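A.B. asks: Here you go, work_13.cif (mmCIF, C-alpha atoms):
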data_structure
#
loop_
_atom_site.label_atom_id
_atom_site.label_comp_id
_atom_site.auth_asym_id
_atom_site.auth_seq_id
_atom_site.Cartn_x
_atom_site.Cartn_y
_atom_site.Cartn_z
CA MET A 1431 76.41 37.25 91.89
CA PHE A 1432 80.19 36.65 91.89
CA LYS A 1433 79.68 32.94 91.12
CA LYS A 1434 77.43 33.81 88.18
CA ILE A 1435 79.96 36.26 86.72
CA PHE A 1436 82.83 33.82 87.27
CA GLY A 1437 80.82 31.04 85.60
CA GLN A 1438 80.09 33.18 82.54
CA ILE A 1439 83.74 34.26 82.25
CA TYR A 1440 84.82 30.63 82.54
CA ILE A 1441 82.40 29.51 79.82
CA TRP A 1442 83.45 32.29 77.43
CA LEU A 1443 87.12 31.49 78.10
CA ILE A 1444 86.57 27.84 77.21
CA LEU A 1445 84.69 28.82 74.03
CA LEU A 1446 87.50 31.22 73.11
CA LEU A 1447 90.12 28.49 73.53
CA MET A 1448 88.01 26.12 71.43
CA TYR A 1449 87.13 28.42 68.55
CA LEU A 1450 89.97 30.95 68.38
CA PRO A 1451 92.29 28.56 66.44
CA ILE A 1452 89.47 27.84 64.00
CA LEU A 1453 88.73 31.53 63.53
CA LEU A 1454 92.42 32.22 62.91
CA LEU A 1455 92.50 29.42 60.37
CA ILE A 1456 89.46 30.85 58.60
CA ALA A 1457 90.96 34.36 58.59
CA PHE A 1458 94.27 33.20 57.11
CA SER A 1459 92.49 31.17 54.44
CA PHE A 1460 91.91 34.54 52.75
CA THR A 1461 95.58 35.42 52.39
CA ASP A 1462 98.23 33.83 50.19
CA SER A 1463 100.97 32.98 52.69
CA VAL A 1464 102.78 29.76 53.48
CA TYR A 1465 102.60 30.15 57.25
CA VAL A 1466 99.75 31.26 59.48
CA GLY A 1467 100.63 34.65 60.93
CA GLN A 1468 102.01 36.16 57.74
CA TRP A 1469 99.25 38.36 56.28
CA GLN A 1470 99.88 39.21 52.63
CA GLY A 1471 96.64 40.87 51.67
CA PHE A 1472 93.06 39.69 51.23
CA THR A 1473 92.60 37.23 48.38
CA PHE A 1474 90.60 34.18 47.28
CA ASP A 1475 93.63 32.59 45.58
CA LEU A 1476 93.83 29.70 48.07
CA TYR A 1477 90.27 28.65 47.22
CA THR A 1478 91.02 28.84 43.50
CA ARG A 1479 94.22 26.84 43.87
CA LEU A 1480 92.46 24.33 46.12
CA PHE A 1481 90.16 23.08 43.37
CA SER A 1482 93.02 22.94 40.86
CA ASN A 1483 95.25 20.85 43.17
CA GLN A 1484 94.72 17.30 41.91
CA GLU A 1485 96.44 15.62 44.88
CA ILE A 1486 94.25 17.36 47.45
CA MET A 1487 91.12 16.79 45.38
CA ALA A 1488 91.93 13.08 45.04
CA ALA A 1489 92.57 12.80 48.78
CA LEU A 1490 89.35 14.68 49.51
CA GLY A 1491 87.38 12.46 47.14
CA ASN A 1492 88.79 9.29 48.72
CA THR A 1493 88.03 10.64 52.20
CA LEU A 1494 84.43 11.48 51.34
CA ILE A 1495 83.78 8.16 49.58
CA ILE A 1496 85.17 6.16 52.49
CA ALA A 1497 83.39 8.31 55.10
CA LEU A 1498 79.97 8.13 53.43
CA THR A 1499 80.09 4.42 52.55
CA SER A 1500 81.46 3.32 55.92
CA ALA A 1501 79.00 5.58 57.77
CA ALA A 1502 76.06 4.23 55.77
CA ALA A 1503 77.08 0.60 56.33
CA SER A 1504 77.86 1.19 60.02
CA THR A 1505 74.55 3.00 60.55
CA LEU A 1506 72.61 0.16 58.94
CA LEU A 1507 74.36 -2.60 60.89
CA GLY A 1508 74.50 -0.61 64.13
CA THR A 1509 70.79 0.24 63.97
CA LEU A 1510 69.77 -3.33 63.21
CA GLY A 1511 72.07 -4.58 65.96
CA ALA A 1512 70.61 -2.14 68.50
CA ILE A 1513 67.05 -3.11 67.58
CA GLY A 1514 67.87 -6.82 67.71
CA ALA A 1515 69.60 -6.50 71.07
CA PHE A 1516 66.79 -4.35 72.49
CA TYR A 1517 64.16 -6.99 71.72
CA SER A 1518 66.37 -9.89 72.87
CA LYS A 1519 66.60 -11.51 76.27
CA LYS A 1520 68.16 -9.50 79.08
CA ARG A 1521 71.30 -11.63 79.41
CA PHE A 1522 72.04 -11.52 75.68
CA ARG A 1523 71.37 -7.76 75.58
CA LYS A 1524 73.82 -7.14 78.43
CA THR A 1525 76.45 -9.26 76.69
CA ILE A 1526 76.08 -7.27 73.46
CA ASP A 1527 76.25 -3.98 75.39
CA ASN A 1528 79.45 -5.00 77.14
CA VAL A 1529 81.09 -6.31 73.97
CA THR A 1530 80.19 -3.11 72.13
CA GLN A 1531 81.89 -0.97 74.79
CA ILE A 1532 85.28 -2.64 74.24
CA PRO A 1533 86.10 -1.02 70.84
CA ILE A 1534 85.03 2.38 72.20
CA VAL A 1535 87.44 2.37 75.14
CA ASN A 1536 90.13 0.33 73.40
CA ALA A 1537 93.22 2.04 71.98
CA GLU A 1538 92.92 2.65 68.26
CA ILE A 1539 96.42 1.32 67.59
CA VAL A 1540 95.37 -2.05 69.05
CA MET A 1541 92.40 -2.17 66.69
CA ALA A 1542 94.56 -1.17 63.72
CA LEU A 1543 97.21 -3.81 64.43
CA SER A 1544 94.64 -6.56 64.98
CA LEU A 1545 92.92 -5.70 61.69
CA THR A 1546 96.24 -5.69 59.87
CA ILE A 1547 97.21 -9.11 61.24
CA THR A 1548 93.77 -10.46 60.29
CA PHE A 1549 94.02 -9.15 56.72
CA VAL A 1550 97.58 -10.45 56.32
CA PHE A 1551 96.57 -13.88 57.59
CA ALA A 1552 93.51 -13.98 55.31
CA GLY A 1553 95.58 -12.88 52.32
CA GLN A 1554 98.30 -15.49 52.86
CA TYR A 1555 96.28 -18.54 53.87
CA ILE A 1556 92.79 -17.99 52.39
CA PHE A 1557 92.92 -15.74 49.32
CA ARG A 1558 96.61 -16.40 48.49
CA THR A 1559 97.13 -12.76 47.51
CA ASN A 1560 97.46 -9.29 48.94
CA ILE A 1561 93.93 -8.24 49.89
CA PHE A 1562 94.70 -4.72 51.12
CA SER A 1563 92.42 -2.43 49.12
CA TYR A 1564 89.44 -0.14 49.48
CA TRP A 1565 87.47 -3.02 51.01
CA THR A 1566 89.92 -3.61 53.86
CA LEU A 1567 89.93 0.13 54.52
CA LEU A 1568 86.12 0.13 54.50
CA ILE A 1569 86.01 -2.74 57.00
CA GLY A 1570 88.48 -0.92 59.25
CA HIS A 1571 86.38 2.25 59.30
CA MET A 1572 83.22 0.24 59.93
CA VAL A 1573 84.83 -1.50 62.89
CA LEU A 1574 85.79 1.92 64.22
CA SER A 1575 82.40 3.63 63.89
CA LEU A 1576 79.84 0.82 64.30
CA PRO A 1577 79.97 0.71 68.15
CA PHE A 1578 79.36 4.47 68.30
CA VAL A 1579 76.27 4.11 66.10
CA TYR A 1580 75.01 1.35 68.39
CA THR A 1581 75.46 3.49 71.50
CA ASN A 1582 73.61 6.41 69.83
CA VAL A 1583 70.61 4.31 68.77
CA LYS A 1584 70.24 2.31 72.00
CA PRO A 1585 69.11 5.25 74.23
CA ARG A 1586 66.40 6.19 71.73
CA LEU A 1587 65.07 2.63 71.89
CA GLN A 1588 65.07 2.76 75.68
CA GLN A 1589 63.11 6.04 75.61
CA MET A 1590 60.53 4.63 73.19
CA ASP A 1591 57.25 3.31 74.52
CA PRO A 1592 57.40 -0.47 73.83
CA SER A 1593 53.62 -0.70 73.80
CA MET A 1594 53.52 1.23 70.50
CA TYR A 1595 55.20 -1.61 68.61
CA GLU A 1596 52.97 -4.19 70.30
CA ALA A 1597 49.89 -2.10 69.51
CA ALA A 1598 50.88 -1.96 65.85
CA LEU A 1599 51.14 -5.76 65.79
CA ASP A 1600 47.76 -6.10 67.49
CA LEU A 1601 46.21 -3.80 64.88
CA GLY A 1602 47.32 -6.07 62.06
CA CYS A 1603 50.76 -4.78 61.09
CA LYS A 1604 53.38 -7.33 60.17
CA PRO A 1605 56.65 -7.09 62.16
CA ARG A 1606 58.51 -5.54 59.22
CA LYS A 1607 55.83 -2.92 58.61
CA ALA A 1608 55.60 -2.12 62.32
CA LEU A 1609 59.37 -1.64 62.33
CA TYR A 1610 59.20 0.90 59.48
CA LYS A 1611 56.06 2.68 60.68
CA VAL A 1612 56.62 2.77 64.45
CA VAL A 1613 60.16 1.96 65.58
CA LEU A 1614 62.29 3.71 62.94
CA PRO A 1615 60.50 7.10 63.15
CA GLU A 1616 60.91 7.07 66.95
CA ILE A 1617 64.65 6.34 66.84
CA MET A 1618 65.45 8.44 63.76
CA PRO A 1619 67.25 11.20 65.77
CA GLY A 1620 69.59 8.57 67.20
CA ILE A 1621 70.18 7.10 63.74
CA LEU A 1622 71.01 10.53 62.28
CA SER A 1623 73.36 11.43 65.14
CA GLY A 1624 75.07 8.03 64.81
CA PHE A 1625 75.46 8.54 61.07
CA LEU A 1626 77.02 11.99 61.52
CA LEU A 1627 79.31 10.69 64.26
CA ALA A 1628 80.42 7.83 61.99
CA ILE A 1629 81.25 10.33 59.24
CA THR A 1630 83.25 12.46 61.69
CA LEU A 1631 85.21 9.48 62.98
CA SER A 1632 86.03 8.39 59.44
CA LEU A 1633 87.10 11.88 58.35
CA ASP A 1634 89.43 12.23 61.35
CA ASP A 1635 90.94 8.75 61.33
CA PHE A 1636 94.60 8.25 60.53
CA VAL A 1637 95.84 5.16 62.39
CA ILE A 1638 93.38 2.61 61.01
CA THR A 1639 93.60 4.20 57.55
CA ALA A 1640 97.40 3.97 57.51
CA PHE A 1641 97.34 0.29 58.55
CA THR A 1642 94.47 -1.03 56.40
CA ARG A 1643 94.60 0.95 53.14
CA GLY A 1644 95.63 -0.46 49.81
CA THR A 1645 95.45 0.66 46.20
CA GLY A 1646 92.36 1.91 44.41
CA LEU A 1647 89.68 4.60 44.32
CA LEU A 1648 90.84 7.99 43.01
CA SER A 1649 94.48 7.18 43.77
CA GLY A 1650 94.65 4.74 40.87
CA GLU A 1651 97.42 2.18 41.16
CA SER A 1652 99.05 3.89 44.14
CA GLN A 1653 98.05 3.60 47.79
CA ILE A 1654 94.80 5.26 48.77
CA GLN A 1655 95.45 8.74 50.11
CA THR A 1656 92.97 10.37 52.47
CA LEU A 1657 93.32 13.88 53.85
CA SER A 1658 94.97 12.61 57.04
CA THR A 1659 97.53 10.41 55.28
CA TYR A 1660 98.17 13.08 52.64
CA ILE A 1661 98.95 15.75 55.25
CA GLN A 1662 101.08 13.32 57.26
CA GLY A 1663 103.12 12.53 54.15
CA ILE A 1664 103.54 16.18 53.21
CA ILE A 1665 104.68 17.50 56.59
CA LYS A 1666 107.62 15.09 56.66
CA LYS A 1667 109.44 17.30 54.17
CA HIS A 1668 107.31 20.39 53.56
CA PRO A 1669 104.94 22.72 55.44
CA VAL A 1670 101.22 22.04 55.30
CA PRO A 1671 99.96 23.28 51.91
CA PRO A 1672 98.23 26.68 52.26
CA GLU A 1673 95.29 25.32 50.26
CA MET A 1674 94.46 23.10 53.23
CA ARG A 1675 93.41 26.22 55.16
CA ALA A 1676 90.75 26.89 52.54
CA LEU A 1677 89.63 23.25 52.59
CA THR A 1678 89.32 23.11 56.38
CA THR A 1679 87.33 26.36 56.30
CA ILE A 1680 84.88 24.84 53.83
CA ILE A 1681 84.57 21.66 55.92
CA PHE A 1682 83.94 23.70 59.08
CA LEU A 1683 81.22 25.76 57.40
CA VAL A 1684 79.55 22.63 56.03
CA VAL A 1685 79.53 21.11 59.54
CA VAL A 1686 78.05 24.31 61.01
CA VAL A 1687 75.27 24.34 58.40
CA ALA A 1688 74.55 20.64 59.03
CA VAL A 1689 74.32 21.20 62.80
CA ILE A 1690 71.95 24.15 62.29
CA LEU A 1691 69.70 22.14 59.96
CA ILE A 1692 69.59 19.19 62.36
CA THR A 1693 68.76 21.50 65.27
CA VAL A 1694 65.96 23.15 63.29
CA TYR A 1695 64.63 19.73 62.30
CA ARG A 1696 64.65 18.47 65.90
CA ASN A 1697 62.92 21.63 67.17
CA TYR A 1698 60.31 21.23 64.47
CA GLN A 1699 59.72 17.62 65.51
CA ILE A 1700 59.35 18.63 69.17
CA LYS A 1701 56.86 21.39 68.33
CA HIS A 1702 54.95 19.06 66.00
CA LYS A 1703 54.68 16.40 68.70
CA LYS A 1704 53.54 18.97 71.27
CA SER A 1705 50.89 20.41 68.96
CA HIS A 1706 49.71 16.91 68.07
CA ALA A 1707 49.46 15.98 71.75
CA GLU A 1708 47.55 19.20 72.51
CA ARG A 1709 45.07 18.47 69.72
CA ARG A 1710 44.49 14.96 71.03
CA ALA A 1711 43.99 16.33 74.53
#
Go through the file and emit its structure as structure tokens.
C.D. replies:
Amino acid sequence: MFKKIFGQIYIWLILLLMYLPILLLIAFSFTDSVYVGQWQGFTFDLYTRLFSNQEIMAALGNTLIIALTSAAASTLLGTLGAIGAFYSKKRFRKTIDNVTQIPIVNAEIVMALSLTITFVFAGQYIFRTNIFSYWTLLIGHMVLSLPFVYTNVKPRLQQMDPSMYEAALDLGCKPRKALYKVVLPEIMPGILSGFLLAITLSLDDFVITAFTRGTGLLSGESQIQTLSTYIQGIIKKHPVPPEMRALTTIIFLVVVVAVILITVYRNYQIKHKKSHAERRA
């Protein structure tokens, strides 16, 4: 009995430490004060000022564009790589698995510096110009998130019954059609989780962004500003803009809604599979 009570208290304490800062941030997004802790009355002014702040909106737009494009490209390449490795010979599959683990455990600063040196070398000796732009930033974010997509898709392939793909081929399906009809639906949860993880990694990244960004996107002729680089530049001389509290609240709520929808979708799939199996039985 004591262990059960202690375990529940411990769990609630951990949850409190995790979510109390977020709840405080949400609460103070409804008051117009520079610092958190100074309550100046309930108001929606921060949300109104957020959408009229062109610098924050440009940084947000850049962040979303980079996150979505890099996540989509990483998900495509990571999924194809996982499928290719899964159906390859054992030695080659182990080699790919080991190589994929290196970027995950490697320090991000090492990855950022290596990418920077590569882009500088390519710009000086191959393209004969400065190549730092949206595309170098996109490549950097893809290098960051692609291994995580691979590791999310691989377990779903291992859980899949390999005889289903072979049965589809025996029944007349071409390999491409069998891939779309059999393999992809089975590993779709892993693909979706890898895609969401890639978006999260891109949204949070600062080091690779700071080292690989150039000019372009919504920043025009100046260096690309994402939310992380924008905040880092602001806090050198000024406090974090109060409007950022409203923006982080919106991002948190969007993430919560996305998690709920994904959970509902997965529960629906599980119930559908169970009912289908019961009907067949």
A.B. asks: On this structure, the PyMOL selection byres ((chain A and resi 1466-1481) around 9) would catch which residues? List them as an mmCIF file with C-alpha atoms, keeping the file's coordinate frame, sorted by chain and number.
C.D. replies:
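The resulting expr.cif:
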data_model
loop_
_atom_site.group_PDB
_atom_site.id
_atom_site.type_symbol
_atom_site.label_atom_id
_atom_site.label_comp_id
_atom_site.auth_asym_id
_atom_site.auth_seq_id
_atom_site.Cartn_x
_atom_site.Cartn_y
_atom_site.Cartn_z
ATOM 1 C CA LEU A 1454 92.420 32.220 62.910
ATOM 2 C CA LEU A 1455 92.500 29.420 60.370
ATOM 3 C CA PHE A 1458 94.270 33.200 57.110
ATOM 4 C CA SER A 1459 92.490 31.170 54.440
ATOM 5 C CA PHE A 1460 91.910 34.540 52.750
ATOM 6 C CA THR A 1461 95.580 35.420 52.390
ATOM 7 C CA ASP A 1462 98.230 33.830 50.190
ATOM 8 C CA SER A 1463 100.970 32.980 52.690
ATOM 9 C CA VAL A 1464 102.780 29.760 53.480
ATOM 10 C CA TYR A 1465 102.600 30.150 57.250
ATOM 11 C CA SER A 1482 93.020 22.940 40.860
ATOM 12 C CA ASN A 1483 95.250 20.850 43.170
ATOM 13 C CA GLN A 1484 94.720 17.300 41.910
ATOM 14 C CA ILE A 1486 94.250 17.360 47.450
ATOM 15 C CA MET A 1487 91.120 16.790 45.380
ATOM 16 C CA PRO A 1672 98.230 26.680 52.260
ATOM 17 C CA GLU A 1673 95.290 25.320 50.260
ATOM 18 C CA MET A 1674 94.460 23.100 53.230
ATOM 19 C CA ARG A 1675 93.410 26.220 55.160
ATOM 20 C CA ALA A 1676 90.750 26.890 52.540
ATOM 21 C CA LEU A 1677 89.630 23.250 52.590
#
A.B. asks: Please build the interface table for range 1466-1507 of chain A against range 1617-1632 of chain A with a cut-off of 10 Å, listing for each qualifying residue the nearest atom pair and the distance in Å to one decimal; count all atoms listed in the file, order rows by chain and increasing number, and write it as a tab-separated table.
C.D. replies:
residue	atom	partner	partner_atom	distance
A:Thr1493	CA	A:Ser1632	CA	7.8
A:Leu1494	CA	A:Ile1629	CA	8.6
A:Ile1496	CA	A:Ser1632	CA	7.3
A:Ala1497	CA	A:Ile1629	CA	5.1
A:Leu1498	CA	A:Ile1629	CA	6.3
A:Thr1499	CA	A:Ile1629	CA	9.0
A:Ser1500	CA	A:Ala1628	CA	7.6
A:Ala1501	CA	A:Ala1628	CA	5.0
A:Ala1502	CA	A:Phe1625	CA	6.9
A:Ala1503	CA	A:Phe1625	CA	9.4
A:Ser1504	CA	A:Ala1628	CA	7.4
A:Thr1505	CA	A:Phe1625	CA	5.6
A:Leu1506	CA	A:Ile1621	CA	8.8
A.B. asks: Expressed in Å to a single decimal, how great is the separation between CA of Ala1512 in chain A and CA of Val1579 in chain A?
C.D. replies: 8.8 Å
A.B. asks: List as a Markdown table every residue of range 1620-1642 of chain A that is in contact with range 1548-1562 of chain A, defined as an atom at most 12 Å from one of its atoms (using all atoms listed in the file), together with the nearest atom pair and the distance in Å rounded to one decimal, sorted by chain and then rising number.
C.D. replies:
| residue | atom | partner | partner_atom | distance |
| --- | --- | --- | --- | --- |
| A:Thr1639 | CA | A:Phe1562 | CA | 11.1 |
| A:Ala1640 | CA | A:Phe1562 | CA | 11.1 |
| A:Phe1641 | CA | A:Phe1562 | CA | 9.3 |
| A:Thr1642 | CA | A:Phe1562 | CA | 6.4 |
A.B. asks: Report, in Å with one decimal, the straight-line distance from CA of Lys1519 in chain A to CA of Gln1588 in chain A.
C.D. replies: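 If I compute the distance from CA of Lys1519 in chain A to CA of Gln1588 in chain A, I get 14.4 Å.
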A.B. asks: Can you work out the spacing between CA of Tyr1440 in chain A and CA of Leu1453 in chain A in Å, to one decimal?
C.D. replies: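 Computed distance, CA of Tyr1440 in chain A to CA of Leu1453 in chain A, equals 19.4 Å.
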A.B. asks: Within 8 Å of Ala1515 in chain A, counting only C-alpha atoms, which residues show up once you throw out same-chain ones fewer than 6 positions away? Write them as a list in words, please.
C.D. replies: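 Contacts, with the query itself left out: Phe1522, Arg1523 and Ile1526 of chain A.
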A.B. asks: Could you check the closest approach to Thr1581 in chain A for each of A:Ile1495, A:Ile1534, A:Ile1539, A:Leu1599 and tell me which residue wins, using only C-alpha atoms?
C.D. replies: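 Nearest to Thr1581 in chain A: A:Ile1534.
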A.B. asks: I'd like to know which of A:Ile1661, A:Ile1700, A:Val1613, A:Leu1647 is closest to Ser1563 in chain A, using all atoms listed in the file.
C.D. replies: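 When distances to Ser1563 in chain A are compared using all atoms listed in the file, the smallest one comes from A:Leu1647.
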A.B. asks: Would you mind listing what lies within 8 Å of Leu1587 in chain A as an NGL selection string, with all atoms listed in the file counted and same-chain residues fewer than 4 positions away left out?
C.D. replies: :A and (1513 or 1516 or 1583 or 1616-1617)
A.B. asks: Give me, as a list in words, all polymer residues having an atom no more than 12 Å from Ala1537 in chain A, counting all atoms listed in the file and skipping those fewer than 5 positions away in the same chain.
C.D. replies: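 Contacts, with the query itself left out: Ile1532, Ala1542, Leu1543, Ser1544, Leu1574, Val1637 and Ile1638 of chain A.
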A.B. asks: Once the PyMOL selection byres ((chain A and resi 1651-1655) around 10) has been evaluated on this model, what residues remain selected, and can you format them as a VMD selection string?
C.D. replies: chain A and resid 1485 to 1486 1488 to 1493 1562 to 1564 1567 1639 to 1640 1642 to 1650 1656 to 1661 1663
A.B. asks: Care to translate the PyMOL selection byres ((chain A and resi 1531) around 12) into actual residues of this file, as an MDAnalysis selection string?
C.D. replies: chainID A and resid 1524:1530 1532:1536 1574:1581
A.B. asks: Between A:Arg1586, A:Pro1451, A:Pro1615, A:Ile1664, which is the closest to Gln1699 in chain A once you count only C-alpha atoms?
C.D. replies: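 Closest residue, counting only C-alpha atoms: A:Pro1615.
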